[in-house]
>>> print(open('query-v7.tsv').read())   # TSV, C-alpha atoms
chain	number	residue	atom	x	y	z
H	230	MET	CA	4.13	-29.29	3.35
H	231	LYS	CA	5.52	-27.95	0.11
H	232	ILE	CA	4.36	-24.36	-0.34
H	233	LEU	CA	4.71	-22.19	-3.46
H	234	PHE	CA	4.37	-18.41	-3.16
H	235	VAL	CA	3.70	-16.41	-6.31
H	236	HIS	CA	4.04	-12.64	-6.48
H	237	GLN	CA	5.56	-10.43	-9.19
H	238	ASN	CA	7.29	-8.36	-6.47
H	239	PHE	CA	7.98	-11.13	-3.91
H	240	PRO	CA	8.28	-11.07	-0.94
H	241	ALA	CA	5.85	-8.10	-0.74
H	242	GLN	CA	2.93	-9.09	1.53
H	243	PHE	CA	4.64	-12.44	2.20
H	244	LYS	CA	7.83	-10.91	3.61
H	245	HIS	CA	7.35	-12.37	7.09
H	246	LEU	CA	5.01	-15.27	6.35
H	247	ALA	CA	7.14	-17.19	3.85
H	248	PRO	CA	10.28	-17.37	6.07
H	249	ALA	CA	8.13	-18.19	9.11
H	250	LEU	CA	6.62	-21.18	7.33
H	251	ALA	CA	10.08	-22.32	6.23
H	252	ALA	CA	11.25	-22.07	9.85
H	253	ARG	CA	8.41	-24.39	10.82
H	254	GLY	CA	9.82	-27.11	8.58
H	255	HIS	CA	7.83	-26.59	5.39
H	256	GLN	CA	9.61	-26.53	2.04
H	257	VAL	CA	8.93	-23.02	0.78
H	258	VAL	CA	9.64	-21.82	-2.77
H	259	ALA	CA	8.72	-18.57	-4.51
H	260	LEU	CA	8.09	-17.54	-8.11
H	261	THR	CA	8.52	-13.89	-9.07
H	262	ALA	CA	9.12	-11.70	-12.12
H	263	GLU	CA	12.65	-11.72	-13.50
H	264	GLY	CA	13.03	-7.97	-13.04
H	265	ASN	CA	12.20	-8.08	-9.32
H	266	GLN	CA	15.26	-7.14	-7.24
H	267	GLN	CA	13.68	-7.67	-3.80
H	268	GLN	CA	15.59	-10.05	-1.54
H	269	SER	CA	14.25	-12.92	0.56
H	270	PRO	CA	15.78	-15.84	2.46
H	271	VAL	CA	13.28	-18.08	0.67
H	272	GLN	CA	14.44	-20.00	-2.41
H	273	THR	CA	13.19	-17.83	-5.28
H	274	TYR	CA	12.85	-18.54	-8.99
H	275	ARG	CA	11.88	-16.10	-11.73
H	276	TYR	CA	9.58	-16.15	-14.72
H	277	PRO	CA	10.20	-14.11	-17.90
H	278	THR	CA	8.98	-10.53	-17.94
H	279	PRO	CA	5.65	-10.30	-19.77
H	280	ASP	CA	5.39	-8.38	-23.02
H	281	PRO	CA	4.32	-4.73	-22.89
H	282	LEU	CA	0.59	-4.09	-22.59
H	283	PRO	CA	-1.23	-4.55	-25.89
H	284	LYS	CA	-2.34	-1.32	-27.52
H	285	PRO	CA	-5.88	-0.37	-26.47
H	286	GLY	CA	-6.84	-0.01	-30.12
H	287	GLN	CA	-6.00	-3.67	-30.63
H	288	ALA	CA	-7.32	-5.18	-27.43
H	289	ARG	CA	-9.99	-2.62	-26.59
H	290	LEU	CA	-11.65	-3.50	-23.26
H	291	ALA	CA	-9.70	-6.76	-23.01
H	292	THR	CA	-6.34	-4.96	-22.64
H	293	THR	CA	-5.93	-5.81	-18.94
H	294	TYR	CA	-7.18	-9.39	-19.30
H	295	MET	CA	-4.76	-10.04	-22.17
H	296	ALA	CA	-1.87	-8.72	-20.09
H	297	MET	CA	-2.84	-10.79	-17.06
H	298	THR	CA	-3.30	-14.04	-18.96
H	299	ASP	CA	0.03	-13.47	-20.70
H	300	ARG	CA	1.69	-13.12	-17.30
H	301	ALA	CA	-0.22	-16.17	-16.01
H	302	HIS	CA	1.03	-18.18	-19.00
H	303	ARG	CA	4.64	-17.30	-18.21
H	304	VAL	CA	4.17	-18.17	-14.55
H	305	ALA	CA	2.63	-21.51	-15.48
H	306	ARG	CA	5.50	-22.37	-17.83
H	307	ALA	CA	8.01	-21.58	-15.08
H	308	ALA	CA	5.96	-23.67	-12.64
H	309	THR	CA	6.05	-26.55	-15.11
H	310	GLN	CA	9.84	-26.40	-15.04
H	311	LEU	CA	9.78	-26.49	-11.26
H	312	ARG	CA	7.67	-29.64	-11.50
H	313	ASP	CA	9.43	-31.43	-14.36
H	314	LYS	CA	13.07	-30.48	-13.82
H	315	MET	CA	13.20	-30.10	-10.05
H	316	GLY	CA	10.42	-32.41	-8.92
H	317	PHE	CA	8.74	-29.67	-6.88
H	318	VAL	CA	5.00	-30.27	-6.57
H	319	PRO	CA	3.40	-28.00	-3.97
H	320	ASP	CA	0.67	-28.96	-1.56
H	321	VAL	CA	-0.32	-25.30	-1.26
H	322	ILE	CA	-0.03	-22.35	-3.66
H	323	PHE	CA	-0.41	-18.84	-2.26
H	324	GLY	CA	-0.45	-16.03	-4.82
H	325	HIS	CA	-1.63	-12.46	-5.23
H	326	SER	CA	-4.73	-12.21	-7.42
H	327	GLY	CA	-3.93	-8.71	-8.68
H	328	TRP	CA	-1.68	-9.68	-11.57
H	329	GLY	CA	-3.36	-12.87	-12.72
H	330	GLU	CA	-0.36	-15.01	-11.81
H	331	THR	CA	-2.39	-17.89	-10.36
H	332	LEU	CA	-4.82	-18.30	-13.27
H	333	PHE	CA	-3.24	-21.40	-14.84
H	334	LEU	CA	-1.46	-22.95	-11.86
H	335	GLN	CA	-4.22	-25.46	-11.16
H	336	GLU	CA	-3.55	-26.89	-14.62
H	337	VAL	CA	0.07	-27.47	-13.60
H	338	PHE	CA	-0.63	-28.60	-10.03
H	339	PRO	CA	-4.21	-29.96	-10.01
H	340	LYS	CA	-3.97	-31.41	-6.49
H	341	ALA	CA	-2.62	-28.29	-4.79
H	342	ARG	CA	-4.78	-26.12	-2.57
H	343	LEU	CA	-4.95	-22.62	-4.05
H	344	LEU	CA	-4.92	-19.57	-1.77
H	345	VAL	CA	-5.06	-16.02	-3.08
H	346	TYR	CA	-4.27	-12.66	-1.53
H	347	ALA	CA	-7.42	-10.66	-2.28
H	348	GLU	CA	-6.16	-7.10	-2.04
H	349	PHE	CA	-8.79	-5.13	-3.95
H	350	TYR	CA	-11.71	-5.62	-6.34
H	351	TYR	CA	-12.23	-2.65	-8.64
H	352	GLY	CA	-15.74	-1.24	-8.88
H	353	THR	CA	-17.58	1.52	-10.68
H	354	ASN	CA	-19.29	2.97	-7.61
H	355	GLY	CA	-18.12	3.99	-4.15
H	356	LEU	CA	-14.44	3.17	-4.57
H	357	ASP	CA	-11.57	4.85	-6.40
H	358	VAL	CA	-13.34	5.39	-9.71
H	359	GLY	CA	-15.17	8.70	-9.77
H	360	PHE	CA	-14.30	9.59	-6.18
H	361	ASP	CA	-12.37	12.74	-7.04
H	362	PRO	CA	-14.30	14.77	-9.63
H	363	GLU	CA	-11.15	16.69	-10.52
H	364	PHE	CA	-9.66	13.58	-12.09
H	365	SER	CA	-12.84	11.83	-13.24
H	366	GLN	CA	-13.85	11.32	-16.83
H	367	ASP	CA	-17.04	12.92	-18.06
H	368	ASP	CA	-17.88	9.80	-20.04
H	369	PRO	CA	-21.06	7.72	-19.67
H	370	PHE	CA	-19.04	4.64	-20.63
H	371	ALA	CA	-16.13	5.27	-18.25
H	372	GLY	CA	-17.17	2.29	-16.11
H	373	PHE	CA	-16.78	-0.25	-18.90
H	374	PRO	CA	-12.98	-0.66	-18.56
H	375	VAL	CA	-13.42	-1.03	-14.79
H	376	VAL	CA	-15.87	-3.89	-15.22
H	377	ALA	CA	-13.56	-5.49	-17.79
H	378	ARG	CA	-10.70	-5.19	-15.30
H	379	GLN	CA	-12.62	-7.36	-12.85
H	380	ALA	CA	-12.33	-10.42	-15.08
H	381	HIS	CA	-9.01	-11.81	-13.89
H	382	LEU	CA	-9.78	-10.87	-10.28
H	383	ALA	CA	-13.09	-12.72	-10.34
H	384	LEU	CA	-11.62	-15.78	-12.06
H	385	SER	CA	-8.77	-15.94	-9.55
H	386	MET	CA	-11.26	-15.89	-6.69
H	387	VAL	CA	-13.54	-18.48	-8.27
H	388	GLN	CA	-10.58	-20.85	-8.61
H	389	ALA	CA	-9.32	-20.27	-5.07
H	390	ASP	CA	-9.98	-22.62	-2.20
H	391	ALA	CA	-9.62	-19.69	0.22
H	392	ALA	CA	-8.58	-16.06	0.17
H	393	LEU	CA	-7.03	-13.50	2.50
H	394	SER	CA	-7.55	-9.74	2.80
H	395	PRO	CA	-5.71	-7.38	5.16
H	396	THR	CA	-8.72	-5.20	6.09
H	397	GLU	CA	-12.49	-5.40	6.25
H	398	PHE	CA	-12.77	-2.53	3.76
H	399	GLN	CA	-10.65	-4.32	1.18
H	400	ALA	CA	-12.50	-7.62	1.66
H	401	ASP	CA	-15.82	-5.87	1.26
H	402	THR	CA	-14.87	-4.59	-2.18
H	403	PHE	CA	-15.41	-8.15	-3.44
H	404	PRO	CA	-18.89	-9.36	-4.50
H	405	SER	CA	-20.80	-11.21	-1.79
H	406	GLU	CA	-20.47	-14.51	-3.65
H	407	LEU	CA	-16.68	-14.20	-3.40
H	408	ARG	CA	-16.50	-12.36	-0.09
H	409	ALA	CA	-17.49	-15.55	1.74
H	410	LYS	CA	-14.12	-17.10	0.85
H	411	ILE	CA	-12.11	-14.32	2.46
H	412	THR	CA	-10.40	-14.40	5.86
H	413	ILE	CA	-9.43	-11.02	7.34
H	414	THR	CA	-5.90	-10.86	8.72
H	415	HIS	CA	-3.50	-7.97	8.28
H	416	ASP	CA	0.11	-8.51	7.19
H	417	GLY	CA	1.15	-7.15	10.57
H	418	VAL	CA	3.35	-4.38	11.99
H	419	ASP	CA	6.66	-5.06	13.71
H	420	ILE	CA	5.91	-3.10	16.87
H	421	ASP	CA	9.25	-4.07	18.43
H	422	THR	CA	11.16	-2.26	15.69
H	423	LEU	CA	8.62	0.44	14.84
H	424	ARG	CA	8.28	2.33	18.10
H	425	PRO	CA	8.72	5.91	19.35
H	426	ASP	CA	12.31	7.07	19.74
H	427	ARG	CA	12.93	10.41	21.41
H	428	ALA	CA	16.59	10.14	20.42
H	429	ALA	CA	15.83	10.00	16.67
H	430	ARG	CA	18.00	12.26	14.49
H	431	PHE	CA	18.02	12.96	10.75
H	432	THR	CA	20.13	15.18	8.50
H	433	LEU	CA	18.44	16.72	5.48
H	434	PRO	CA	20.26	16.93	2.12
H	435	ASN	CA	20.83	20.66	2.76
H	436	GLY	CA	22.71	19.84	5.97
H	437	ARG	CA	19.97	20.85	8.40
H	438	HIS	CA	19.68	18.54	11.42
H	439	LEU	CA	16.29	17.37	12.66
H	440	ARG	CA	15.49	15.59	15.89
H	441	ALA	CA	12.45	14.30	17.73
H	442	GLY	CA	10.55	17.24	19.17
H	443	ASP	CA	11.32	19.61	16.29
H	444	GLU	CA	8.49	21.18	14.33
H	445	VAL	CA	8.36	18.65	11.50
H	446	LEU	CA	5.38	17.84	9.28
H	447	THR	CA	5.61	14.58	7.32
H	448	TYR	CA	3.78	13.14	4.33
H	449	VAL	CA	4.61	9.72	2.86
H	450	THR	CA	3.46	8.01	-0.34
H	451	ARG	CA	4.94	5.58	-2.82
H	452	ASN	CA	4.52	8.17	-5.57
H	453	ILE	CA	3.20	11.71	-5.46
H	454	GLU	CA	-0.20	11.35	-7.16
H	455	PRO	CA	-3.95	11.95	-6.69
H	456	TYR	CA	-4.79	8.49	-5.28
H	457	ARG	CA	-2.95	9.41	-2.08
H	458	GLY	CA	-4.24	12.98	-1.96
H	459	SER	CA	-0.92	14.61	-2.87
H	460	HIS	CA	-2.73	17.50	-4.55
H	461	ILE	CA	-4.76	18.24	-1.42
H	462	PHE	CA	-1.72	18.12	0.86
H	463	ILE	CA	0.40	20.34	-1.39
H	464	ARG	CA	-2.44	22.86	-1.70
H	465	SER	CA	-2.61	23.07	2.09
H	466	LEU	CA	1.04	24.09	2.37
H	467	PRO	CA	0.83	27.87	1.71
H	468	GLN	CA	-1.34	28.44	4.80
H	469	ILE	CA	0.82	26.12	6.90
H	470	LEU	CA	4.09	27.75	5.87
H	471	ALA	CA	2.67	31.23	6.58
H	472	ALA	CA	1.29	30.28	10.01
H	473	ARG	CA	4.28	28.20	11.13
H	474	PRO	CA	7.50	29.96	10.03
H	475	GLY	CA	9.63	27.42	11.89
H	476	ALA	CA	8.05	24.31	10.41
H	477	GLN	CA	9.97	21.92	8.19
H	478	VAL	CA	7.89	19.83	5.77
H	479	ILE	CA	9.21	16.42	4.74
H	480	ILE	CA	7.65	14.72	1.70
H	481	ILE	CA	8.68	11.15	0.88
H	482	GLY	CA	7.59	9.73	-2.48
H	483	GLY	CA	8.71	9.17	-6.05
H	484	ASP	CA	7.74	11.08	-9.17
H	485	GLY	CA	6.14	8.12	-10.97
H	486	VAL	CA	2.63	6.69	-10.99
H	487	SER	CA	1.58	3.72	-8.86
H	488	TYR	CA	-2.18	4.01	-9.33
H	489	GLY	CA	-4.49	5.69	-11.79
H	490	MET	CA	-3.57	7.64	-14.89
H	491	PRO	CA	-0.41	9.68	-15.49
H	492	PRO	CA	-0.77	13.45	-15.92
H	493	PRO	CA	-1.15	14.85	-19.45
H	494	GLN	CA	2.48	15.99	-19.29
H	495	GLY	CA	5.32	16.04	-16.81
H	496	THR	CA	4.73	14.61	-13.35
H	497	TRP	CA	1.95	15.07	-10.82
H	498	LYS	CA	4.50	16.61	-8.48
H	499	GLU	CA	5.39	19.27	-11.06
H	500	ARG	CA	1.74	19.96	-11.79
H	501	PHE	CA	0.75	20.38	-8.14
H	502	LEU	CA	3.83	22.42	-7.22
H	503	SER	CA	3.14	24.81	-10.10
H	504	GLU	CA	-0.12	25.73	-8.35
H	505	ILE	CA	1.74	27.10	-5.32
H	506	ALA	CA	4.80	28.48	-7.09
H	507	GLY	CA	6.11	31.60	-5.41
H	508	THR	CA	4.73	30.70	-2.00
H	509	PRO	CA	7.00	32.11	0.72
H	510	GLY	CA	8.72	29.39	2.68
H	511	LEU	CA	8.87	26.73	-0.02
H	512	ASP	CA	12.54	26.33	0.83
H	513	ARG	CA	11.30	24.63	4.00
H	514	VAL	CA	9.52	21.95	1.97
H	515	HIS	CA	11.87	19.03	1.35
H	516	PHE	CA	11.07	16.45	-1.33
H	517	LEU	CA	13.27	13.48	-0.47
H	518	GLY	CA	12.00	11.12	-3.18
H	519	ARG	CA	12.36	7.44	-2.29
H	520	VAL	CA	14.35	6.89	0.89
H	521	SER	CA	15.73	3.86	2.68
H	522	TYR	CA	13.44	2.10	5.13
H	523	ARG	CA	15.72	3.12	7.97
H	524	ASP	CA	15.48	6.80	7.02
H	525	TYR	CA	11.71	6.52	6.65
H	526	VAL	CA	11.43	5.06	10.17
H	527	THR	CA	13.64	7.79	11.61
H	528	LEU	CA	11.56	10.53	10.00
H	529	MET	CA	8.34	9.03	11.35
H	530	GLN	CA	9.89	8.99	14.82
H	531	ILE	CA	10.81	12.67	14.45
H	532	SER	CA	7.45	13.75	13.01
H	533	ARG	CA	5.36	16.15	15.07
H	534	ALA	CA	2.38	15.85	12.71
H	535	HIS	CA	1.87	13.25	10.00
H	536	ALA	CA	-0.62	13.71	7.13
H	537	TYR	CA	-2.13	10.63	5.48
H	538	LEU	CA	-4.66	10.85	2.67
H	539	THR	CA	-6.17	8.20	0.47
H	540	ILE	CA	-9.19	7.86	-1.74
H	541	PRO	CA	-11.30	4.70	-1.11
H	542	PHE	CA	-8.54	2.29	-2.07
H	543	VAL	CA	-5.95	-0.06	-0.58
H	544	LEU	CA	-4.82	1.07	2.87
H	545	SER	CA	-1.11	1.95	3.00
H	546	TRP	CA	1.24	0.15	5.35
H	547	SER	CA	2.66	3.57	6.21
H	548	LEU	CA	-0.49	4.59	8.10
H	549	LEU	CA	-0.24	1.71	10.55
H	550	GLU	CA	3.54	1.97	10.79
H	551	SER	CA	3.40	5.69	11.60
H	552	MET	CA	0.81	4.99	14.31
H	553	ALA	CA	3.06	2.27	15.76
H	554	MET	CA	5.79	4.87	16.07
H	555	GLY	CA	3.48	7.17	17.98
H	556	ALA	CA	2.91	9.71	15.23
H	557	HIS	CA	0.11	12.24	15.56
H	558	VAL	CA	-1.84	11.24	12.46
H	559	ILE	CA	-4.16	13.61	10.64
H	560	ALA	CA	-5.91	11.48	8.03
H	561	SER	CA	-8.62	11.63	5.42
H	562	ARG	CA	-12.15	10.70	6.43
H	563	THR	CA	-12.40	7.88	3.90
H	564	ALA	CA	-13.60	4.32	4.43
H	565	PRO	CA	-10.26	2.47	4.56
H	566	VAL	CA	-8.87	4.97	7.09
H	567	GLU	CA	-11.96	4.94	9.32
H	568	GLU	CA	-11.38	1.25	9.98
H	569	VAL	CA	-8.24	2.21	11.93
H	570	VAL	CA	-8.35	5.88	12.93
H	571	VAL	CA	-10.99	7.06	15.41
H	572	ASP	CA	-11.39	10.83	15.22
H	573	GLY	CA	-10.20	12.54	18.38
H	574	VAL	CA	-9.01	9.29	19.97
H	575	ASN	CA	-5.97	7.93	18.12
H	576	GLY	CA	-5.77	10.57	15.41
H	577	GLN	CA	-7.81	13.19	13.59
H	578	LEU	CA	-10.01	12.80	10.52
H	579	VAL	CA	-10.44	15.56	7.95
H	580	ASP	CA	-12.66	15.69	4.88
H	581	PHE	CA	-10.50	14.57	1.96
H	582	PHE	CA	-11.32	17.59	-0.23
H	583	ASP	CA	-11.31	20.39	2.37
H	584	VAL	CA	-7.96	22.10	1.84
H	585	ASP	CA	-8.66	24.80	4.45
H	586	ALA	CA	-9.55	22.18	7.04
H	587	TRP	CA	-6.30	20.33	6.30
H	588	SER	CA	-4.31	23.52	6.77
H	589	GLU	CA	-6.06	24.30	10.04
H	590	ALA	CA	-5.67	20.80	11.46
H	591	LEU	CA	-2.00	20.55	10.57
H	592	ILE	CA	-1.25	24.05	11.87
H	593	ALA	CA	-2.87	23.16	15.20
H	594	ALA	CA	-0.94	19.90	15.40
H	595	LEU	CA	2.36	21.69	14.78
H	596	ALA	CA	1.59	24.54	17.16
H	597	SER	CA	0.58	22.56	20.24
H	598	PRO	CA	2.11	19.07	20.26
H	599	GLU	CA	1.55	18.65	23.98
H	600	ARG	CA	-2.23	18.74	23.42
H	601	PHE	CA	-2.07	15.55	21.40
H	602	ALA	CA	0.15	13.32	23.52
H	603	ALA	CA	-2.83	11.12	24.39
H	604	ARG	CA	-3.61	10.59	20.71
H	605	ARG	CA	-0.04	9.51	20.04
H	606	ALA	CA	-0.21	6.97	22.85
H	607	ALA	CA	-3.61	5.74	21.68
H	608	ALA	CA	-2.32	5.38	18.13
H	609	ARG	CA	0.44	3.02	19.22
H	610	LYS	CA	-1.95	1.17	21.52
H	611	THR	CA	-4.26	0.55	18.54
H	612	ILE	CA	-1.45	-1.08	16.58
H	613	VAL	CA	-0.12	-3.08	19.53
H	614	GLU	CA	-3.55	-4.50	20.34
H	615	ASN	CA	-4.71	-5.21	16.78
H	616	TYR	CA	-1.80	-5.40	14.31
H	617	ASP	CA	1.17	-6.81	16.23
H	618	LEU	CA	3.12	-8.84	13.66
H	619	LYS	CA	4.82	-11.40	15.90
H	620	ARG	CA	2.14	-11.99	18.53
H	621	LEU	CA	-1.09	-11.61	16.55
H	622	CYS	CA	-0.93	-11.37	12.78
H	623	LEU	CA	1.84	-13.82	11.90
H	624	PRO	CA	0.37	-16.67	13.99
H	625	ARG	CA	-2.99	-16.06	12.30
H	626	LEU	CA	-1.39	-16.06	8.85
H	627	ILE	CA	0.42	-19.31	9.59
H	628	ARG	CA	-2.82	-20.93	10.74
H	629	PHE	CA	-4.53	-19.73	7.57
H	630	VAL	CA	-1.94	-21.46	5.35
H	631	GLU	CA	-1.49	-24.59	7.41
H	632	GLY	CA	-5.22	-24.99	7.85
>>> encode(input="query-v7.tsv", output="structure tokens")
Amino acid sequence: MKILFVHQNFPAQFKHLAPALAARGHQVVALTAEGNQQQSPVQTYRYPTPDPLPKPGQARLATTYMAMTDRAHRVARAATQLRDKMGFVPDVIFGHSGWGETLFLQEVFPKARLLVYAEFYYGTNGLDVGFDPEFSQDDPFAGFPVVARQAHLALSMVQADAALSPTEFQADTFPSELRAKITITHDGVDIDTLRPDRAARFTLPNGRHLRAGDEVLTYVTRNIEPYRGSHIFIRSLPQILAARPGAQVIIIGGDGVSYGMPPPQGTWKERFLSEIAGTPGLDRVHFLGRVSYRDYVTLMQISRAHAYLTIPFVLSWSLLESMAMGAHVIASRTAPVEEVVVDGVNGQLVDFFDVDAWSEALIAALASPERFAARRAAARKTIVENYDLKRLCLPRLIRFVEG
């Protein structure tokens, strides 16, 4: 078959699937945004970067829809060039619904089967909006923009012949009428690469050497922000630093915003750190920013205790990857996490908002690592049996596309 992948940050969720399909003899091509610097062995073309978001005062509640249809228009024009200048007419199109990129592709390729990656459907109740009262708007009309934001997601799903979600929680965010189209298969975890390594070593920027077995607490997020509970974790640090004078705390994550609103001024990191300024032992808290994937893996292999928090939102790859590497995971008791982590079996669950409970759980994990060896083993076993990329997930993904 001829298969077209569409994703503004390709390869993203298609990192393993697209090359695997090409290896099976299919002609695989990708369309991505011109500013995307990610690399892939798949032949990749780029569409022009969309214009900046329209001003809310101009577009009002249609701001997101205008931005998504503008992007979709640019994707469709690039797809037209693929068709007219290169003669590429796909049998299957597989795109991410989140950025509206697939909206006009059926007009360009009317005979192609359209598949969409259904990552998340925003809602006004029970999901990210309003979950954390500290960052919620006291506005009776706050749900209106959320409903408006569903427009391109719903249209993408209505157009699709089939859809894919990585977890049950994420699939269930979609309305029942659309949920029926969704197949559940995770992107997969490379358990052969991501595994425990008692020989792991890492050197911090200050020259300190860390190795597996050291008293290291880790926290990983794309950006330090409320969606991933950064404020809760940082507020738990004073008690941890006081109780564990030998602990080193490693925080991986940028200073930008991936989800939600930016802070009124500065960065979320600056805001949250200002709350614990002057805490003894802060010199043992190391903000590494964005690190290479290799360094991230090494730090997960060294970690004695790993904290993962998320509001009811998309589940991070890092949770499953850390479990594959045998990390002792202490995670938030929120719906996406509970699909993977069983309290007391392969990790520990803590109420998202309970700062004292977070401190206590992480102190205990740092103090007595031998008590939790069974949880580490069970964590890896969970990933091996349910999320193995090569033996389970990738074959399922291939069948989904070829079928």
>>> residues_around(input="query-v7.tsv", residues="H:Val478", least_positions_apart="5", cutoff="9 Å", atoms="all atoms listed in the file", output="PDB file with C-alpha atoms, in the coordinates of the input")
ATOM      1  CA  GLU H 444       8.490  21.180  14.330  1.00  0.00           C
ATOM      2  CA  VAL H 445       8.360  18.650  11.500  1.00  0.00           C
ATOM      3  CA  LEU H 446       5.380  17.840   9.280  1.00  0.00           C
ATOM      4  CA  THR H 447       5.610  14.580   7.320  1.00  0.00           C
ATOM      5  CA  TYR H 448       3.780  13.140   4.330  1.00  0.00           C
ATOM      6  CA  LEU H 466       1.040  24.090   2.370  1.00  0.00           C
ATOM      7  CA  LEU H 470       4.090  27.750   5.870  1.00  0.00           C
ATOM      8  CA  ARG H 513      11.300  24.630   4.000  1.00  0.00           C
ATOM      9  CA  VAL H 514       9.520  21.950   1.970  1.00  0.00           C
ATOM     10  CA  HIS H 515      11.870  19.030   1.350  1.00  0.00           C
ATOM     11  CA  PHE H 516      11.070  16.450  -1.330  1.00  0.00           C
TER      12      PHE H 516
END
>>> closest_residue(input="query-v7.tsv", among="H:Gln267, H:Asn575, H:Ser545, H:Gln366", to="H:Arg457", atoms="only C-alpha atoms")
H:Ser545
>>> atom_distance(input="query-v7.tsv", atom1="atom CA of H:Ala341", atom2="atom CA of H:Arg378")
26.6 Å
>>> residues_around(input="query-v7.tsv", residues="stretch 385-387 of chain H", least_positions_apart="3", cutoff="9 Å", atoms="all atoms listed in the file", output="list in words")
Ser326, Gly327, Gly329, Glu330, Thr331, Leu332, Leu344, Val345, Ala347, Ala380, His381, Leu382, Asp390, Ala391, Ala392, Leu407 and Lys410 of chain H
>>> axis_aligned_box(input="query-v7.tsv", around="stretch 370-388 of chain H", padding_each_side="6 Å", output="JSON")
{"center_x": -13.9, "center_y": -7.8, "center_z": -13.7, "size_x": 22.3, "size_y": 38.1, "size_z": 25.9}
>>> atom_distance(input="query-v7.tsv", atom1="atom CA of H:Ala441", atom2="atom CA of H:Ala553")
15.4 Å
>>> closest_residue(input="query-v7.tsv", among="H:Asp484, H:Glu631, H:Asp524, H:Glu336", to="H:Thr309", atoms="all atoms listed in the file")
H:Glu336
>>> atom_distance(input="query-v7.tsv", atom1="atom CA of H:Glu454", atom2="atom CA of H:Ile540")
11.1 Å
>>> closest_residue(input="query-v7.tsv", among="H:Met230, H:Ala428, H:Val613, H:Val418", to="H:Glu550", atoms="all atoms listed in the file")
H:Val418
>>> residues_around(input="query-v7.tsv", residues="stretch 241-252 of chain H", least_positions_apart="4", cutoff="9 Å", atoms="only C-alpha atoms", output="compact mmCIF listing (two decimals) with C-alpha atoms, in the frame of the given file")
# COMPACT_ATOMS: atom_id res chain seq x y z
CA ILE H 232 4.36 -24.36 -0.34
CA PHE H 234 4.37 -18.41 -3.16
CA HIS H 236 4.04 -12.64 -6.48
CA GLN H 237 5.56 -10.43 -9.19
CA GLN H 256 9.61 -26.53 2.04
CA VAL H 257 8.93 -23.02 0.78
CA VAL H 258 9.64 -21.82 -2.77
CA ALA H 259 8.72 -18.57 -4.51
CA GLN H 267 13.68 -7.67 -3.80
CA SER H 269 14.25 -12.92 0.56
CA PRO H 270 15.78 -15.84 2.46
CA VAL H 271 13.28 -18.08 0.67
CA HIS H 325 -1.63 -12.46 -5.23
CA TYR H 346 -4.27 -12.66 -1.53
CA ASP H 416 0.11 -8.51 7.19
CA GLY H 417 1.15 -7.15 10.57
CA LEU H 618 3.12 -8.84 13.66
CA LEU H 623 1.84 -13.82 11.90
CA LEU H 626 -1.39 -16.06 8.85
CA ILE H 627 0.42 -19.31 9.59
CA VAL H 630 -1.94 -21.46 5.35
CA GLU H 631 -1.49 -24.59 7.41
>>> residues_near_point(input="query-v7.tsv", point="(-2.8, 14.7, -3.5)", cutoff="10 Å", atoms="only C-alpha atoms", output="ChimeraX atom specification")
/H:450,453-464,497-498,501,537-540,581-582
>>> closest_residue(input="query-v7.tsv", among="H:Tyr276, H:Phe629, H:Phe364, H:Tyr294", to="H:Phe323", atoms="only C-alpha atoms")
H:Phe629
>>> closest_residue(input="query-v7.tsv", among="H:Thr278, H:Ala308, H:Pro467, H:Thr396", to="H:Ile322", atoms="only C-alpha atoms")
H:Ala308
>>> closest_residue(input="query-v7.tsv", among="H:Met297, H:Ala291, H:Leu439, H:Leu549", to="H:Glu568", atoms="all atoms listed in the file")
H:Leu549
>>> residues_near_point(input="query-v7.tsv", point="(13.8, 1.4, 8.8)", cutoff="12 Å", atoms="all atoms listed in the file", output="list of chain:residue names")
H:Asp419, H:Asp421, H:Thr422, H:Leu423, H:Arg424, H:Ala429, H:Val520, H:Ser521, H:Tyr522, H:Arg523, H:Asp524, H:Tyr525, H:Val526, H:Thr527, H:Leu528, H:Met529, H:Gln530, H:Ser547, H:Glu550, H:Ser551, H:Met554
>>> residues_around(input="query-v7.tsv", residues="H:Phe542", least_positions_apart="4", cutoff="8 Å", atoms="only C-alpha atoms", output="list in words")
Phe349, Leu356, Asp357, Gln399, Tyr456 and Pro565 of chain H
>>> decode(input="query-v7.tsv", residues="stretch 621-626 of chain H", atoms="N, CA and C atoms", output="compact mmCIF listing (two decimals), in the first residue's frame")
# COMPACT_ATOMS: atom_id res chain seq x y z
N LEU H 621 4.46 -7.08 21.19
CA LEU H 621 3.03 -6.89 21.39
C LEU H 621 2.47 -5.69 20.63
N CYS H 622 2.95 -4.51 20.98
CA CYS H 622 2.31 -3.29 20.49
C CYS H 622 2.53 -3.06 19.00
N LEU H 623 3.76 -3.18 18.54
CA LEU H 623 4.03 -2.91 17.12
C LEU H 623 3.28 -3.87 16.20
N PRO H 624 3.24 -5.17 16.48
CA PRO H 624 2.43 -6.05 15.62
C PRO H 624 0.95 -5.65 15.61
N ARG H 625 0.42 -5.21 16.75
CA ARG H 625 -0.97 -4.77 16.80
C ARG H 625 -1.18 -3.50 15.97
N LEU H 626 -0.23 -2.58 16.06
CA LEU H 626 -0.33 -1.34 15.29
C LEU H 626 -0.27 -1.62 13.79
